[in-house]
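To keep things clear, I will list the structure first and then write my remarks on it.
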Amino acid sequence: MKIATLGHPVRVLATATLCLATTAIASPAQQPESAYTLIRPERVFDAATGEVRTGWAVLVAGERIESVGPIGSVPTPDGVRVVDLPGATLLPGLIDAHSHLFLHPYDETLWDDQVLKEARAYRTLMAGVNAERTLRSGFTLLRDLGSEGAGWADLAVRDAIADGLIPGPRVLTATLAIAATASYAPGPRGWDPDLALPPGAQMVTGDTEIRRAVREQAGHGADVIKVYADFRRAHGTAPTFTLGELEALVEEATAAGLPVSAHASSPEGMRRATLAGARTIEHGSEGTAEVFRLMAERGVVFYPTLAAAAAYDEYFSGLGGGWELSTPDEELSPRIRGSLQAVRAARQAGVIVGLGSDVGVFPHGESWRELAWLVRSGMSPAEALQAATVVNARALGLEGKVGEIWQGAHADLVAVEGDPTASVEAIRRVVFVMKNGVIYESP
């Protein structure tokens with residue numbers, strides 16, 4: 001039985017449907033004792049409406065959701081495994097659309113040292129550990145936006161998860177990411193200019209190199225093309241590609257069936273990426289009302305990565321994280337105030353804001369921080385939860401597969417103690433995690 005409120009068709013924001021791994025993970029998760037699992041929480045979060053439904057249950061058959069609705073309307077097949085979750089809220093598996101599995105917090109090891117000193121094999125093993133932490137925290141899908149100097153190793157991690165070799169969320173990966181020559185770390189500032197340092201992204205100049213890079217990344221199996229549309233220069237953040245170069249990149253990616261994600265913080269970098277056809281803008285802390293109106297007109301989704309901005313301040317400014325929901329604006333750092341204002345301006349302009357945290361800058365397994373920051377920016381808890389579920393699913397071209405609890409969707413589910421629509425910090429208290437019908441956390 002499909003629930004009517006969850007079944008209305010909606011406009012898909014992404015132009016390409018991304019490949020989604022569906023293979024269940026065998027171990028060390030709990031295999032169901034039968035083909036059916038009946039989950040009975042105190043309440044169910046309806047991501048389409050942002051409301052909670054009390055007295056509902058969800059029946060999972062294999063890898064898919066079979067039925068959802070009032071307990072009396074959900075069938076109970078013979079031999080069904082029953083999971084009771086008193087006091088808990090069941091939600092669709094959460095989605096973080098901006099992550100870096102190959103990074104760990106910069107107060108542990110600076111970015112340059114991670115890229116230049118940590119062996120790729122070590123970083124790959126660490127990425128596997130990070131993936132499991134993420135899954136057990138309730139995030140069942142990640143868009144990983146760049147291996148950050150680890151080459152094609154992110155593809156191996158993605159595929160190992162899909163093949164059941166290691167536990168982790170579904171992963172959509174951008175592989176190397178693309179940056180303009182001398183416009184991404186390590187270098188060029190702060191290093192001997194005669195050194196040839198391993199780059200954190202694939203460096204290109206001009207249409208020919210740009211198209212070659214897109215073709216290489218698509219050919220190796222990228223799910224999305226990530227481009228650095230601007231970067232820090234000596235006198236501030238500035239665009240690094242011309243509009244024509246970005247248009248060539250998007251044209252080539254579109255031909256390969258891949259969407260484009262653009263790192264852009266400056267108004268001009270954001271403007272060029274939007275005009276070129278990028279589907280998402282990452283960071284955008286300097287966005288203006290004009291550029292946000294343009295993004296709204298073009299249907300570009302905004303990922304402000306608020307939690308990462310807070311982490312930078314915590315590590316490098318001595319100001320502390322400052323991410324308590326009650327902290328007055330005037331007590332926050334200029335960086336955080338600017339990022340919060342960007343979210344408010346974007347929403348006022350009608351831009352769709354999703355959840356993308358830039359996790360890796362801060363510890364994996366703590367993507368919930370972005371939910372708290374979205375609420376701090378003015379979203380209601382329910383709106384922030386929608387950003388992490390149905391909004392992200394639509395933005396990534398996965399509508400109907402993940403992000404909602406409805407018949408036929410993948411059985412990606414998470415339960416938390418309490419009601420996160422009343423207090424979003426309840427999302428930290430995970431008591432149940434299921435991905436693709438396999439249970440990873442259970443009371």
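Following the order of the structure tokens, first chain is A, next is B, and so on, with residues numbered from 1 inside each chain and ligands from 1 in the order they appear.
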
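Residues lying within 7 Å of Leu413 (chain A), counting only C-alpha atoms and ignoring same-chain neighbours fewer than 5 positions away, are Leu90, Leu91, Pro92, Gly93, Val433, Met434 and Lys435 of chain A.
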
Would you return as a PyMOL selection string the members of region 114-193 of chain A that DSSP assigns to helix (DSSP H, G or I) on this structure's backbone? chain A and resi 114-117+120-136+153-162

Residues at most 10 Å from Val68 (chain A), counting only C-alpha atoms, excluding those fewer than 3 positions away in the same chain, as a short mmCIF file (atom, residue, chain, number, x, y, z; two decimals) with C-alpha atoms, in the first residue's frame?
```cif
data_model
loop_
_atom_site.label_atom_id
_atom_site.label_comp_id
_atom_site.auth_asym_id
_atom_site.auth_seq_id
_atom_site.Cartn_x
_atom_site.Cartn_y
_atom_site.Cartn_z
CA MET A 1 0.00 0.00 0.00
CA LYS A 2 1.47 3.34 -0.99
CA ILE A 3 0.72 6.28 1.28
CA LEU A 6 4.22 10.17 -0.05
CA LEU A 38 8.14 -5.18 10.39
CA ILE A 39 9.33 -1.97 12.09
CA VAL A 44 7.31 7.96 11.39
CA TRP A 56 2.44 3.88 11.92
CA ALA A 57 4.52 0.87 10.92
CA VAL A 58 6.80 -0.02 8.00
CA LEU A 59 7.05 -3.45 6.37
CA VAL A 60 10.30 -4.23 4.57
CA ILE A 65 9.84 -1.01 1.51
CA ILE A 71 -0.29 -0.29 12.06
CA SER A 73 -3.28 -1.40 7.62
CA VAL A 74 0.22 -2.90 7.30
CA PRO A 75 0.23 -6.66 6.68
CA ILE A 405 9.51 6.12 3.31
CA TRP A 406 7.16 4.80 0.70
CA GLN A 407 6.35 1.64 -1.16
#
```

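Within region 407-441 of chain A, DSSP run on the backbone puts these residues in strand (DSSP E or B): His410, Leu413, Val414, Ala415, Val416, Glu417, Val430, Val431, Phe432, Val433, Met434, Lys435, Val438, Ile439, Tyr440 and Glu441 of chain A.
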
Excluding region 216-225 of chain A and its own-chain neighbours fewer than 2 positions away, which residues fall within 8 Å of it when counting only C-alpha atoms? Please give them as a PyMOL selection string. chain A and resi 18-19+152+155+172-178+212-214+227+253+256+258-261

Convert the current residue selection to file output with N, CA and C atoms, as a compact mmCIF listing (two decimals), in the first residue's frame.
```
# COMPACT_ATOMS: atom_id res chain seq x y z
N LEU A 18 21.64 9.35 -11.37
CA LEU A 18 22.93 8.80 -11.01
C LEU A 18 22.83 7.31 -10.72
N CYS A 19 23.92 6.62 -10.96
CA CYS A 19 23.98 5.18 -10.68
C CYS A 19 23.98 4.95 -9.18
N TRP A 152 42.27 7.52 -7.72
CA TRP A 152 41.01 6.84 -8.00
C TRP A 152 40.58 5.93 -6.85
N LEU A 155 36.86 5.31 -5.88
CA LEU A 155 36.06 4.36 -6.65
C LEU A 155 36.13 2.97 -6.03
N LEU A 172 28.17 8.15 -3.96
CA LEU A 172 28.30 8.75 -5.28
C LEU A 172 29.60 9.55 -5.26
N THR A 173 30.51 9.27 -6.16
CA THR A 173 31.84 9.85 -6.04
C THR A 173 32.23 10.71 -7.23
N ALA A 174 33.02 11.74 -6.93
CA ALA A 174 33.50 12.68 -7.94
C ALA A 174 34.92 12.38 -8.38
N THR A 175 35.53 11.36 -7.87
CA THR A 175 36.93 11.00 -8.17
C THR A 175 37.86 12.19 -7.92
N LEU A 176 38.65 12.59 -8.94
CA LEU A 176 39.75 13.53 -8.71
C LEU A 176 39.31 14.97 -8.45
N ALA A 177 38.17 15.37 -8.99
CA ALA A 177 37.74 16.77 -9.06
C ALA A 177 38.64 17.52 -10.04
N ILE A 178 38.17 18.66 -10.53
CA ILE A 178 38.87 19.41 -11.57
C ILE A 178 39.10 20.84 -11.08
N ARG A 212 39.24 16.66 -21.76
CA ARG A 212 39.99 15.43 -21.52
C ARG A 212 39.81 14.98 -20.07
N ALA A 213 39.87 15.92 -19.13
CA ALA A 213 39.73 15.56 -17.72
C ALA A 213 38.34 14.99 -17.44
N VAL A 214 37.31 15.61 -17.98
CA VAL A 214 35.95 15.10 -17.78
C VAL A 214 35.83 13.69 -18.36
N VAL A 227 33.96 20.59 -9.94
CA VAL A 227 34.86 21.61 -10.47
C VAL A 227 35.04 22.72 -9.45
N ALA A 253 30.38 16.85 -19.49
CA ALA A 253 29.79 16.04 -18.42
C ALA A 253 28.37 15.61 -18.79
N ALA A 256 28.24 12.76 -21.02
CA ALA A 256 28.53 11.51 -20.32
C ALA A 256 27.42 11.11 -19.35
N LEU A 258 26.45 12.90 -16.68
CA LEU A 258 26.83 13.24 -15.31
C LEU A 258 26.49 14.68 -14.98
N PRO A 259 26.00 14.93 -13.76
CA PRO A 259 25.77 16.30 -13.31
C PRO A 259 27.08 16.93 -12.85
N VAL A 260 27.07 18.25 -12.71
CA VAL A 260 28.26 19.00 -12.29
C VAL A 260 28.00 19.69 -10.97
N SER A 261 28.95 19.53 -10.05
CA SER A 261 28.95 20.22 -8.77
C SER A 261 30.07 21.25 -8.79
```

For Ala273 (chain A), which residue among A:Glu290, A:Glu245, A:Glu370, A:Glu209 is the nearest when counting only C-alpha atoms?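 Checking each of A:Glu290, A:Glu245, A:Glu370, A:Glu209 against Ala273 (chain A), counting only C-alpha atoms, the winner is A:Glu245.
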
Leaving out Tyr303 (chain A) and any residue of its chain fewer than 6 positions from it, which residues lie within 6 Å of it when counting only C-alpha atoms, given as a ChimeraX atom specification? /A:282-283,354,356

Atomic separation - CA of Ala229 (chain A) relative to CA of Gly269 (chain A), Å: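 Value for the CA of Gly269 (chain A)-CA of Ala229 (chain A) distance: 5.5 Å.
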
Nearest-residue call for Leu246 (chain A), choices A:Ala276, A:Ala342, A:Ala35, A:Ala409, using only C-alpha atoms: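 Nearest to Leu246 (chain A): A:Ala276.
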
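Counting from CA of Arg394 (chain A), the distance to CA of Val414 (chain A) is 19.0 Å.
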
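If you measure from each of A:Ala422, A:Leu94, A:Ala393, A:Val438 to Ala61 (chain A) using only C-alpha atoms, the closest one turns out to be A:Val438.
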
Please provide the set of residues having any atom within 8 Å of Pro169 (chain A), restricted to only C-alpha atoms, with same-chain residues fewer than 2 positions apart removed, written as a list in words. Ala131, Glu132, Thr134, Leu135, Phe139, Thr140, Leu141, Leu142, Ile161, Pro167, Val171 and Lys435 of chain A

If we count only C-alpha atoms, what is near Glu425 (chain A) at a cut-off of 8 Å, once residues fewer than 3 positions away on the same chain are taken out, given as a ChimeraX atom specification? /A:368,372,420,428-429

Same residues, C-alpha atoms, output as a compact mmCIF listing (two decimals), in the first residue's frame:
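Final file, part.txt:
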```
# COMPACT_ATOMS: atom_id res chain seq x y z
CA TRP A 368 24.31 15.80 12.21
CA ALA A 372 21.89 21.83 13.74
CA PRO A 420 13.72 15.33 15.93
CA ARG A 428 22.35 12.33 17.42
CA ARG A 429 20.64 9.55 19.40
```

I'd like to know which of A:Ala307, A:Leu110, A:Ala264, A:Leu275 is closest to Ile336 (chain A), using only C-alpha atoms.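 Distance minimum relative to Ile336 (chain A) lands on A:Ala307.
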